[in-house]
file structure.pdb (PDB, C-alpha atoms)
ATOM      1  CA  MET A   1     126.790  98.317 119.905
ATOM      2  CA  GLU A   2     125.800  97.693 123.529
ATOM      3  CA  PHE A   3     123.873  94.490 124.253
ATOM      4  CA  LYS A   4     120.863  95.390 126.348
ATOM      5  CA  ILE A   5     117.703  93.598 127.447
ATOM      6  CA  GLY A   6     114.854  96.027 128.124
ATOM      7  CA  TYR A   7     111.765  95.453 130.239
ATOM      8  CA  ARG A   8     109.566  95.159 127.112
ATOM      9  CA  THR A   9     111.861  92.481 125.650
ATOM     10  CA  LEU A  10     111.756  90.595 128.933
ATOM     11  CA  LYS A  11     107.951  90.783 129.092
ATOM     12  CA  THR A  12     107.675  89.625 125.469
ATOM     13  CA  ALA A  13     109.906  86.616 126.065
ATOM     14  CA  LEU A  14     108.171  85.597 129.304
ATOM     15  CA  GLY A  15     104.698  86.266 127.878
ATOM     16  CA  ALA A  16     105.261  84.228 124.716
ATOM     17  CA  ALA A  17     106.609  81.298 126.720
ATOM     18  CA  ALA A  18     103.702  81.495 129.203
ATOM     19  CA  SER A  19     101.090  81.609 126.404
ATOM     20  CA  ILE A  20     102.524  78.563 124.672
ATOM     21  CA  MET A  21     102.736  76.622 127.948
ATOM     22  CA  ILE A  22      99.118  77.448 128.872
ATOM     23  CA  ALA A  23      97.792  76.610 125.391
ATOM     24  CA  GLN A  24      99.763  73.356 125.409
ATOM     25  CA  ALA A  25      98.491  72.501 128.893
ATOM     26  CA  PHE A  26      94.902  72.906 127.659
ATOM     27  CA  GLY A  27      95.675  70.541 124.801
ATOM     28  CA  LEU A  28      95.093  73.085 122.052
ATOM     29  CA  SER A  29      96.469  72.363 118.604
ATOM     30  CA  SER A  30      98.794  74.925 116.942
ATOM     31  CA  PHE A  31      99.565  76.133 120.487
ATOM     32  CA  THR A  32     102.551  78.177 119.282
ATOM     33  CA  SER A  33     100.091  80.644 117.696
ATOM     34  CA  ALA A  34      99.159  81.823 121.214
ATOM     35  CA  GLY A  35     102.774  82.951 121.668
ATOM     36  CA  ILE A  36     102.657  84.843 118.361
ATOM     37  CA  LEU A  37      99.542  86.724 119.486
ATOM     38  CA  THR A  38     101.198  87.609 122.798
ATOM     39  CA  ILE A  39     104.262  88.976 121.013
ATOM     40  CA  LEU A  40     102.090  91.126 118.754
ATOM     41  CA  CYS A  41      99.951  92.484 121.612
ATOM     42  CA  ILE A  42     102.709  93.569 124.008
ATOM     43  CA  GLN A  43     103.157  97.272 123.311
ATOM     44  CA  VAL A  44     105.167 100.155 124.727
ATOM     45  CA  THR A  45     102.222 101.551 126.751
ATOM     46  CA  LYS A  46      99.150 100.135 128.499
ATOM     47  CA  LYS A  47      96.644 101.964 126.300
ATOM     48  CA  LYS A  48      98.403 100.843 123.121
ATOM     49  CA  SER A  49      98.401  97.283 124.402
ATOM     50  CA  VAL A  50      94.653  97.369 125.072
ATOM     51  CA  ARG A  51      93.973  98.884 121.636
ATOM     52  CA  ALA A  52      96.209  96.320 119.912
ATOM     53  CA  SER A  53      94.562  93.462 121.826
ATOM     54  CA  TRP A  54      91.045  94.616 120.994
ATOM     55  CA  GLU A  55      91.860  95.095 117.307
ATOM     56  CA  ARG A  56      93.422  91.632 117.044
ATOM     57  CA  PHE A  57      90.544  89.980 118.895
ATOM     58  CA  LEU A  58      87.971  91.695 116.683
ATOM     59  CA  ALA A  59      89.914  90.894 113.496
ATOM     60  CA  CYS A  60      90.244  87.231 114.491
ATOM     61  CA  ILE A  61      86.491  86.905 115.118
ATOM     62  CA  VAL A  62      85.705  88.547 111.753
ATOM     63  CA  ALA A  63      88.266  86.253 110.066
ATOM     64  CA  MET A  64      86.608  83.168 111.574
ATOM     65  CA  VAL A  65      83.195  84.286 110.310
ATOM     66  CA  PHE A  66      84.547  84.882 106.795
ATOM     67  CA  SER A  67      86.331  81.499 106.855
ATOM     68  CA  ILE A  68      83.117  79.655 107.743
ATOM     69  CA  VAL A  69      81.140  81.416 104.999
ATOM     70  CA  ILE A  70      83.730  81.059 102.216
ATOM     71  CA  PHE A  71      85.443  77.748 102.986
ATOM     72  CA  GLU A  72      82.357  75.823 104.101
ATOM     73  CA  GLY A  73      79.971  77.729 101.826
ATOM     74  CA  ILE A  74      82.049  77.549  98.641
ATOM     75  CA  ALA A  75      85.179  75.400  98.784
ATOM     76  CA  PHE A  76      88.518  74.693 100.457
ATOM     77  CA  HIS A  77      90.668  75.910  97.581
ATOM     78  CA  PRO A  78      93.722  78.241  97.428
ATOM     79  CA  VAL A  79      91.705  80.621  95.241
ATOM     80  CA  MET A  80      89.224  80.966  98.102
ATOM     81  CA  ILE A  81      92.000  82.205 100.381
ATOM     82  CA  GLY A  82      92.634  85.044  97.935
ATOM     83  CA  LEU A  83      88.885  85.798  97.754
ATOM     84  CA  LEU A  84      88.615  85.714 101.545
ATOM     85  CA  LEU A  85      91.508  88.155 101.990
ATOM     86  CA  LEU A  86      90.040  90.373  99.278
ATOM     87  CA  LEU A  87      86.872  90.732 101.364
ATOM     88  CA  PHE A  88      88.345  90.421 104.863
ATOM     89  CA  ILE A  89      91.071  93.100 104.692
ATOM     90  CA  PRO A  90      88.734  96.012 103.720
ATOM     91  CA  THR A  91      86.237  94.813 106.333
ATOM     92  CA  ALA A  92      88.914  94.758 109.051
ATOM     93  CA  VAL A  93      89.972  98.285 108.093
ATOM     94  CA  MET A  94      86.334  99.436 108.090
ATOM     95  CA  VAL A  95      85.656  98.119 111.623
ATOM     96  CA  GLY A  96      88.908  99.648 112.923
ATOM     97  CA  ALA A  97      90.889  96.422 113.279
ATOM     98  CA  SER A  98      93.580  96.927 110.650
ATOM     99  CA  ASP A  99      96.403  96.032 113.078
ATOM    100  CA  GLY A 100      94.873  92.581 113.493
ATOM    101  CA  ILE A 101      95.022  91.604 109.825
ATOM    102  CA  VAL A 102      98.347  89.755 110.010
ATOM    103  CA  SER A 103      97.524  87.798 113.172
ATOM    104  CA  SER A 104      94.079  86.914 111.779
ATOM    105  CA  THR A 105      95.688  85.446 108.675
ATOM    106  CA  VAL A 106      97.242  82.793 110.933
ATOM    107  CA  ILE A 107      93.733  81.811 112.111
ATOM    108  CA  ILE A 108      92.458  81.740 108.518
ATOM    109  CA  LEU A 109      95.267  79.395 107.459
ATOM    110  CA  HIS A 110      94.637  77.133 110.456
ATOM    111  CA  LEU A 111      90.981  76.750 109.448
ATOM    112  CA  TYR A 112      91.907  76.207 105.816
ATOM    113  CA  SER A 113      94.516  73.557 106.666
ATOM    114  CA  ALA A 114      91.933  71.592 108.677
ATOM    115  CA  GLY A 115      89.884  70.948 105.527
ATOM    116  CA  HIS A 116      86.672  71.034 107.545
ATOM    117  CA  ILE A 117      85.516  73.599 110.112
ATOM    118  CA  THR A 118      84.016  72.057 113.218
ATOM    119  CA  LYS A 119      82.802  73.453 116.505
ATOM    120  CA  GLY A 120      85.831  71.980 118.244
ATOM    121  CA  LEU A 121      88.191  73.659 115.763
ATOM    122  CA  LEU A 122      86.530  77.048 116.303
ATOM    123  CA  LEU A 123      86.781  76.637 120.081
ATOM    124  CA  ASN A 124      90.461  75.738 119.682
ATOM    125  CA  GLU A 125      91.155  78.905 117.709
ATOM    126  CA  LEU A 126      89.110  80.990 120.152
ATOM    127  CA  GLY A 127      91.138  79.505 123.002
ATOM    128  CA  LEU A 128      94.413  80.449 121.285
ATOM    129  CA  ILE A 129      93.137  84.006 120.801
ATOM    130  CA  ILE A 130      91.983  84.404 124.419
ATOM    131  CA  ILE A 131      95.178  82.928 125.880
ATOM    132  CA  GLY A 132      97.531  84.887 123.591
ATOM    133  CA  ILE A 133      95.800  88.230 124.094
ATOM    134  CA  GLY A 134      95.004  87.634 127.782
ATOM    135  CA  VAL A 135      98.615  86.876 128.708
ATOM    136  CA  ALA A 136      99.780  89.992 126.822
ATOM    137  CA  LEU A 137      97.346  92.165 128.776
ATOM    138  CA  ILE A 138      98.480  90.652 132.076
ATOM    139  CA  MET A 139     102.161  91.169 131.205
ATOM    140  CA  ASN A 140     101.468  94.783 130.276
ATOM    141  CA  LEU A 141      99.839  95.582 133.623
ATOM    142  CA  TYR A 142     103.333  96.456 134.849
ATOM    143  CA  MET A 143     104.934  99.542 133.374
ATOM    144  CA  PRO A 144     107.997 101.094 135.038
ATOM    145  CA  SER A 145     107.556 104.637 136.308
ATOM    146  CA  LEU A 146     108.856 107.309 133.954
ATOM    147  CA  GLU A 147     108.875 110.100 136.529
ATOM    148  CA  ASN A 148     112.610 109.922 137.278
ATOM    149  CA  LYS A 149     113.437 110.134 133.571
ATOM    150  CA  LEU A 150     111.029 113.064 133.155
ATOM    151  CA  ILE A 151     112.664 114.872 136.091
ATOM    152  CA  ASP A 152     116.088 114.283 134.508
ATOM    153  CA  TYR A 153     114.877 115.804 131.233
ATOM    154  CA  GLN A 154     113.424 118.730 133.148
ATOM    155  CA  ARG A 155     116.745 119.434 134.880
ATOM    156  CA  GLU A 156     118.763 119.054 131.677
ATOM    157  CA  ILE A 157     116.545 121.480 129.775
ATOM    158  CA  GLU A 158     116.713 124.034 132.588
ATOM    159  CA  GLU A 159     120.503 123.715 132.650
ATOM    160  CA  LYS A 160     120.645 124.313 128.895
ATOM    161  CA  PHE A 161     118.463 127.407 129.276
ATOM    162  CA  LYS A 162     120.816 128.712 131.963
ATOM    163  CA  ALA A 163     123.878 128.057 129.793
ATOM    164  CA  ILE A 164     122.316 129.984 126.879
ATOM    165  CA  PHE A 165     121.356 132.899 129.145
ATOM    166  CA  ASP A 166     124.889 132.981 130.546
ATOM    167  CA  GLU A 167     126.236 133.456 127.014
ATOM    168  CA  ILE A 168     123.735 136.266 126.394
ATOM    169  CA  ILE A 169     124.867 137.922 129.632
ATOM    170  CA  LEU A 170     128.538 137.774 128.582
ATOM    171  CA  TYR A 171     127.766 139.294 125.205
ATOM    172  CA  LEU A 172     125.648 142.115 126.621
ATOM    173  CA  LYS A 173     128.434 143.005 129.041
ATOM    174  CA  ASN A 174     131.444 142.654 126.710
ATOM    175  CA  ASN A 175     130.121 142.406 123.142
ATOM    176  CA  LYS A 176     132.440 139.433 122.752
ATOM    177  CA  THR A 177     131.905 135.702 122.813
ATOM    178  CA  ASP A 178     133.494 132.534 121.487
ATOM    179  CA  TRP A 179     130.316 130.502 122.007
ATOM    180  CA  ASP A 180     129.730 127.834 119.354
ATOM    181  CA  GLY A 181     125.988 127.579 120.109
ATOM    182  CA  HIS A 182     125.980 123.806 120.623
ATOM    183  CA  GLU A 183     123.315 124.137 123.343
ATOM    184  CA  ILE A 184     120.728 125.210 120.762
ATOM    185  CA  PRO A 185     120.337 121.910 118.837
ATOM    186  CA  GLU A 186     120.909 119.948 122.053
ATOM    187  CA  THR A 187     118.038 121.763 123.778
ATOM    188  CA  ALA A 188     115.712 121.240 120.804
ATOM    189  CA  THR A 189     116.469 117.500 120.871
ATOM    190  CA  LEU A 190     115.938 117.272 124.630
ATOM    191  CA  ILE A 191     112.550 118.997 124.420
ATOM    192  CA  ASP A 192     111.351 116.672 121.630
ATOM    193  CA  GLU A 193     112.485 113.574 123.530
ATOM    194  CA  ALA A 194     110.938 114.838 126.770
ATOM    195  CA  LYS A 195     107.559 115.511 125.124
ATOM    196  CA  THR A 196     107.530 112.018 123.612
ATOM    197  CA  LEU A 197     108.321 110.442 126.980
ATOM    198  CA  ALA A 198     105.684 112.532 128.768
ATOM    199  CA  PHE A 199     103.053 111.477 126.223
ATOM    200  CA  ARG A 200     104.019 107.838 126.765
ATOM    201  CA  ASP A 201     103.465 108.374 130.489
ATOM    202  CA  VAL A 202      99.905 109.533 129.735
ATOM    203  CA  GLU A 203      99.361 106.355 127.690
ATOM    204  CA  ASN A 204     100.312 104.256 130.724
ATOM    205  CA  HIS A 205      97.414 105.600 132.820
ATOM    206  CA  PHE A 206      93.852 104.672 131.894
ATOM    207  CA  LEU A 207      92.221 107.396 134.013
ATOM    208  CA  ARG A 208      94.600 110.200 133.048
ATOM    209  CA  ASN A 209      94.297 112.149 129.786
ATOM    210  CA  GLU A 210      96.733 114.901 130.687
ATOM    211  CA  ASN A 211     100.265 115.047 131.998
ATOM    212  CA  LEU A 212     101.712 118.030 133.859
ATOM    213  CA  TYR A 213     105.182 117.203 132.568
ATOM    214  CA  TYR A 214     103.927 117.270 128.979
ATOM    215  CA  HIS A 215     102.467 120.757 129.513
ATOM    216  CA  TYR A 216     105.720 121.786 131.171
ATOM    217  CA  PHE A 217     107.804 120.684 128.184
ATOM    218  CA  LYS A 218     105.374 122.372 125.773
ATOM    219  CA  MET A 219     105.801 125.569 127.792
ATOM    220  CA  ARG A 220     109.598 125.254 127.579
ATOM    221  CA  GLU A 221     109.308 124.627 123.849
ATOM    222  CA  LYS A 222     107.451 127.926 123.370
ATOM    223  CA  GLN A 223     110.016 129.733 125.510
ATOM    224  CA  PHE A 224     112.831 128.151 123.527
ATOM    225  CA  GLU A 225     111.322 129.506 120.308
ATOM    226  CA  ILE A 226     111.655 132.999 121.803
ATOM    227  CA  ILE A 227     115.256 132.310 122.858
ATOM    228  CA  GLU A 228     116.089 131.244 119.300
ATOM    229  CA  ARG A 229     114.401 134.396 118.021
ATOM    230  CA  VAL A 230     116.331 136.809 120.255
ATOM    231  CA  LEU A 231     119.809 135.353 119.684
ATOM    232  CA  PRO A 232     120.303 137.064 116.281
ATOM    233  CA  LEU A 233     118.947 140.260 117.853
ATOM    234  CA  VAL A 234     121.501 140.113 120.678
ATOM    235  CA  SER A 235     124.365 139.309 118.324
ATOM    236  CA  SER A 236     123.505 142.385 116.242
ATOM    237  CA  ILE A 237     124.300 144.681 119.207
ATOM    238  CA  SER A 238     127.738 146.208 118.621
ATOM    239  CA  LEU A 239     127.903 148.726 121.460
ATOM    240  CA  THR A 240     128.080 148.366 125.244
ATOM    241  CA  VAL A 241     125.611 150.721 126.906
ATOM    242  CA  GLU A 242     124.275 151.161 130.430
ATOM    243  CA  GLN A 243     120.896 149.704 129.457
ATOM    244  CA  GLY A 244     122.610 146.569 128.176
ATOM    245  CA  GLU A 245     124.385 146.066 131.476
ATOM    246  CA  MET A 246     121.100 146.504 133.354
ATOM    247  CA  ILE A 247     119.445 143.915 131.140
ATOM    248  CA  ALA A 248     122.430 141.590 131.628
ATOM    249  CA  GLU A 249     121.956 141.821 135.406
ATOM    250  CA  PHE A 250     118.262 141.091 134.983
ATOM    251  CA  ILE A 251     118.980 138.017 132.826
ATOM    252  CA  GLU A 252     121.621 136.905 135.327
ATOM    253  CA  ASP A 253     119.055 136.994 138.109
ATOM    254  CA  LEU A 254     116.549 135.185 135.886
ATOM    255  CA  SER A 255     119.033 132.460 134.879
ATOM    256  CA  LYS A 256     119.752 131.653 138.534
ATOM    257  CA  ASN A 257     116.056 130.985 139.128
ATOM    258  CA  ILE A 258     115.073 128.732 136.243
ATOM    259  CA  HIS A 259     112.908 126.063 137.851
ATOM    260  CA  PRO A 260     109.523 124.366 137.353
ATOM    261  CA  GLY A 261     107.789 126.653 139.848
ATOM    262  CA  ASN A 262     105.917 129.762 138.724
ATOM    263  CA  THR A 263     107.574 133.027 139.788
ATOM    264  CA  ALA A 264     107.144 134.814 136.471
ATOM    265  CA  ASP A 265     105.083 137.634 138.010
ATOM    266  CA  ILE A 266     108.100 138.799 140.036
ATOM    267  CA  TYR A 267     110.295 139.104 136.952
ATOM    268  CA  ILE A 268     107.591 140.733 134.835
ATOM    269  CA  GLU A 269     107.362 143.461 137.502
ATOM    270  CA  LYS A 270     111.165 143.836 137.552
ATOM    271  CA  LEU A 271     111.181 144.113 133.766
ATOM    272  CA  GLU A 272     108.522 146.807 133.835
ATOM    273  CA  ARG A 273     110.415 148.812 136.470
ATOM    274  CA  MET A 274     113.559 148.573 134.371
ATOM    275  CA  ARG A 275     111.732 149.862 131.299
ATOM    276  CA  VAL A 276     110.466 152.838 133.307
ATOM    277  CA  GLU A 277     114.089 153.595 134.251
ATOM    278  CA  PHE A 278     115.072 153.441 130.571
ATOM    279  CA  GLN A 279     112.492 156.116 129.766
ATOM    280  CA  LYS A 280     114.036 158.465 132.335
ATOM    281  CA  MET A 281     117.524 158.175 130.821
ATOM    282  CA  GLU A 282     119.044 160.589 128.322
ATOM    283  CA  LEU A 283     118.255 160.111 124.649
ATOM    284  CA  PRO A 284     120.839 158.349 122.448
ATOM    285  CA  ARG A 285     123.583 160.645 121.118
ATOM    286  CA  THR A 286     124.661 158.611 118.099
ATOM    287  CA  ARG A 287     122.978 156.456 115.503
ATOM    288  CA  GLU A 288     124.840 153.388 116.769
ATOM    289  CA  GLU A 289     123.642 154.008 120.313
ATOM    290  CA  PHE A 290     120.089 154.511 119.040
ATOM    291  CA  GLU A 291     120.144 151.193 117.168
ATOM    292  CA  THR A 292     121.643 149.409 120.180
ATOM    293  CA  ARG A 293     119.035 150.755 122.578
ATOM    294  CA  ALA A 294     116.245 149.953 120.101
ATOM    295  CA  ALA A 295     117.492 146.370 119.871
ATOM    296  CA  LEU A 296     117.654 146.152 123.667
ATOM    297  CA  LEU A 297     114.103 147.459 123.967
ATOM    298  CA  HIS A 298     112.964 144.839 121.464
ATOM    299  CA  PHE A 299     114.826 142.242 123.528
ATOM    300  CA  THR A 300     112.949 143.250 126.715
ATOM    301  CA  LYS A 301     109.613 142.877 124.899
ATOM    302  CA  GLU A 302     110.591 139.380 123.805
ATOM    303  CA  MET A 303     111.617 138.531 127.360
ATOM    304  CA  GLU A 304     108.269 139.768 128.607
ATOM    305  CA  GLN A 305     106.610 137.298 126.235
ATOM    306  CA  TYR A 306     109.004 134.618 127.505
ATOM    307  CA  LEU A 307     107.873 135.307 131.079
ATOM    308  CA  THR A 308     104.187 135.522 130.145
ATOM    309  CA  ILE A 309     104.367 131.993 128.743
ATOM    310  CA  LYS A 310     105.700 130.812 132.108
ATOM    311  CA  LYS A 311     103.091 132.858 133.969
ATOM    312  CA  ASP A 312     100.292 131.055 132.108
ATOM    313  CA  PHE A 313     101.738 127.699 133.136
ATOM    314  CA  VAL A 314     100.238 126.256 136.328
ATOM    315  CA  GLY A 315     103.681 125.544 137.787
ATOM    316  CA  MET A 316     105.246 122.471 139.361
ATOM    317  CA  LYS A 317     107.017 121.658 142.579
ATOM    318  CA  LYS A 318     110.793 121.605 142.469
ATOM    319  CA  PRO A 319     111.919 117.970 142.221
ATOM    320  CA  LYS A 320     113.668 116.529 145.248
ATOM    321  CA  VAL A 321     117.392 116.163 144.750
ATOM    322  CA  ASN A 322     118.573 112.570 144.862
ATOM    323  CA  LYS A 323     120.649 112.107 148.035
ATOM    324  CA  ARG A 324     123.459 110.323 146.212
ATOM    325  CA  LYS A 325     123.641 113.045 143.535
ATOM    326  CA  LYS A 326     123.598 115.699 146.235
ATOM    327  CA  MET A 327     126.532 114.043 148.044
ATOM    328  CA  LEU A 328     128.523 113.825 144.806
ATOM    329  CA  GLN A 329     127.777 117.464 144.028
ATOM    330  CA  THR A 330     128.867 118.540 147.536
ATOM    331  CA  THR A 331     132.105 116.561 147.193
ATOM    332  CA  LYS A 332     132.871 118.250 143.883
ATOM    333  CA  GLU A 333     132.231 121.710 145.342
ATOM    334  CA  LYS A 334     134.616 120.996 148.206
TER     335      LYS A 334
END
call {"tool": "encode", "arguments": {"input": "structure.pdb", "output": "C-alpha cells"}}
result
Amino acid sequence: MEFKIGYRTLKTALGAAASIMIAQAFGLSSFTSAGILTILCIQVTKKKSVRASWERFLACIVAMVFSIVIFEGIAFHPVMIGLLLLLFIPTAVMVGASDGIVSSTVIILHLYSAGHITKGLLLNELGLIIIGIGVALIMNLYMPSLENKLIDYQREIEEKFKAIFDEIILYLKNNKTDWDGHEIPETATLIDEAKTLAFRDVENHFLRNENLYYHYFKMREKQFEIIERVLPLVSSISLTVEQGEMIAEFIEDLSKNIHPGNTADIYIEKLERMRVEFQKMELPRTREEFETRAALLHFTKEMEQYLTIKKDFVGMKKPKVNKRKKMLQTTKEK
C-alpha cells in the first residue's frame, strides 16, 4: 500500500499541535483536549467543518450546564455520570448536536474529576472549546481547488462515451464485434465518483448552492442510462441494411463531437432529416429486414432522447488543454 500524506492529514496534524500550544501558552489545564477538538472539527469540506464545529460547541455548552446542575446540585458520584449522560445524549440529539456528544463527554469528565465546579474551571473549559474549534475553522479556510480533477473526470467520461459509440458503429456496419464491454462498468464508476467530487466542491463554497459540473455529470448519467438501454437493442440486429449504415455515419459524427458544449440542436435536426429519408425508402422485403429496420427506428428514437437530455443542459465551455499534455499528445501523434 502506498504511503501518502494528504492535505487533510497535514491540516489535522498542524491544527492539533497549534491548538495544544495555544492552550498551553494561555495556561489552561487539560490543554491536550483542545487538540482533540481540533482533530474532530477538521472535515473534508468547509461547510461540514462549520457544521461540525457548531454542533460540538453547542453540545459542550449543554454538557457544562448539565454538569453544573447534576454534579453541584446532587453529587459528584459515578452514578451521576450515568444519569447525566442519560439526560444529555437525548437533549444533544434534540437540539441537533449529536456529533458533539463524544467531545462533550471529555468536558463532562473534566468537570467531574475536579470535584468542584468553579467559575475558573468553566472558563478553562470554555477556553479549550474556543481554541480547539477556532483553530480547526482557521485550518479549514484553505481547501485545494477541485476544478482540475473535475475536468479530468469530464474528459474521461467523454472518452468512454466515444469508445462505446465506436463499438456501436462497428457493429452497425459489420454485425460483428469482439468487444468485452469493459467501458460500461468503468463509465458508471467514473460518473458516481465525479458526482461525489462535484458535490464536495459545492460544500467548499459558502455562497454557492449549485455546481455546473454536478449538473453536467447528472446529465451524462441520464445519457448513460440510455446508452445502456440501447446496447441490447443494437446487439439484436442481425442484418446489415442501408439504414444501419446511415445511422452508423450519424453516430460516428456524433462521437467525434462529444464535449461539454451544447450542440444538440444540430444533431436533432440531422436525426429528423435522416428519419424523413427512411420514410422515402422501399418497404422491407423480408421479415428479418423488417425487424432490423424496426430496431433501428427504435434506436433513433432513443438517440433523440439522448440528445434532448443534452439540449436541456445549459452547456459548458470546453476546458483548456494543459500545455504539457498537449505537447505529449503531439509527440505521440508524430
call {"tool": "resolve_selection", "arguments": {"input": "structure.pdb", "expression": "the PyMOL selection byres ((chain A and resi 267) around 12)", "output": "MDAnalysis selection string"}}
result
chainID A and resid 247 250:255 257:258 262:266 268:274 300 303:308 310:311
call {"tool": "closest_residue", "arguments": {"input": "structure.pdb", "among": "A:Thr292, A:Thr9, A:Gln154, A:Ser19", "to": "Ala194 (chain A)", "atoms": "only C-alpha atoms"}}
result
A:Gln154
call {"tool": "atom_distance", "arguments": {"input": "structure.pdb", "atom1": "CA of Gly181 (chain A)", "atom2": "CA of Lys301 (chain A)"}}
result
22.9 Å
call {"tool": "closest_residue", "arguments": {"input": "structure.pdb", "among": "A:Thr91, A:Gly15, A:Ile237, A:Glu228", "to": "Ile61 (chain A)", "atoms": "all atoms listed in the file"}}
result
A:Thr91
call {"tool": "atom_distance", "arguments": {"input": "structure.pdb", "atom1": "CA of Ala59 (chain A)", "atom2": "CA of Asn124 (chain A)"}}
result
16.4 Å
call {"tool": "closest_residue", "arguments": {"input": "structure.pdb", "among": "A:Lys195, A:Met64, A:Lys256, A:Ser235", "to": "Ile168 (chain A)", "atoms": "all atoms listed in the file"}}
result
A:Ser235
call {"tool": "closest_residue", "arguments": {"input": "structure.pdb", "among": "A:Asp178, A:Glu225, A:Asp152, A:Asp192", "to": "Glu302 (chain A)", "atoms": "only C-alpha atoms"}}
result
A:Glu225
call {"tool": "atom_distance", "arguments": {"input": "structure.pdb", "atom1": "CA of Ser33 (chain A)", "atom2": "CA of Ile133 (chain A)"}}
result
10.8 Å
call {"tool": "closest_residue", "arguments": {"input": "structure.pdb", "among": "A:Ala17, A:Val202, A:Ile108, A:Ile74", "to": "Glu147 (chain A)", "atoms": "all atoms listed in the file"}}
result
A:Val202
call {"tool": "residues_around", "arguments": {"input": "structure.pdb", "residues": "Gly115 (chain A)", "least_positions_apart": "4", "cutoff": "12 Å", "atoms": "all atoms listed in the file", "output": "ChimeraX atom specification"}}
result
/A:67-68,71-72,75-78,108-111,121
call {"tool": "residues_around", "arguments": {"input": "structure.pdb", "residues": "region 11-13 of chain A", "least_positions_apart": "4", "cutoff": "12 Å", "atoms": "all atoms listed in the file", "output": "ChimeraX atom specification"}}
result
/A:5-7,17-20,35-44,132,135-144
call {"tool": "axis_aligned_box", "arguments": {"input": "structure.pdb", "around": "region 99-106 of chain A", "padding_each_side": "8 Å", "output": "lines of an AutoDock Vina configuration file"}}
result
center_x = 96.2
center_y = 89.4
center_z = 111.1
size_x = 20.3
size_y = 29.2
size_z = 20.8
call {"tool": "closest_residue", "arguments": {"input": "structure.pdb", "among": "A:Ile226, A:Leu297, A:Ala16, A:Leu28", "to": "Gly120 (chain A)", "atoms": "all atoms listed in the file"}}
result
A:Leu28
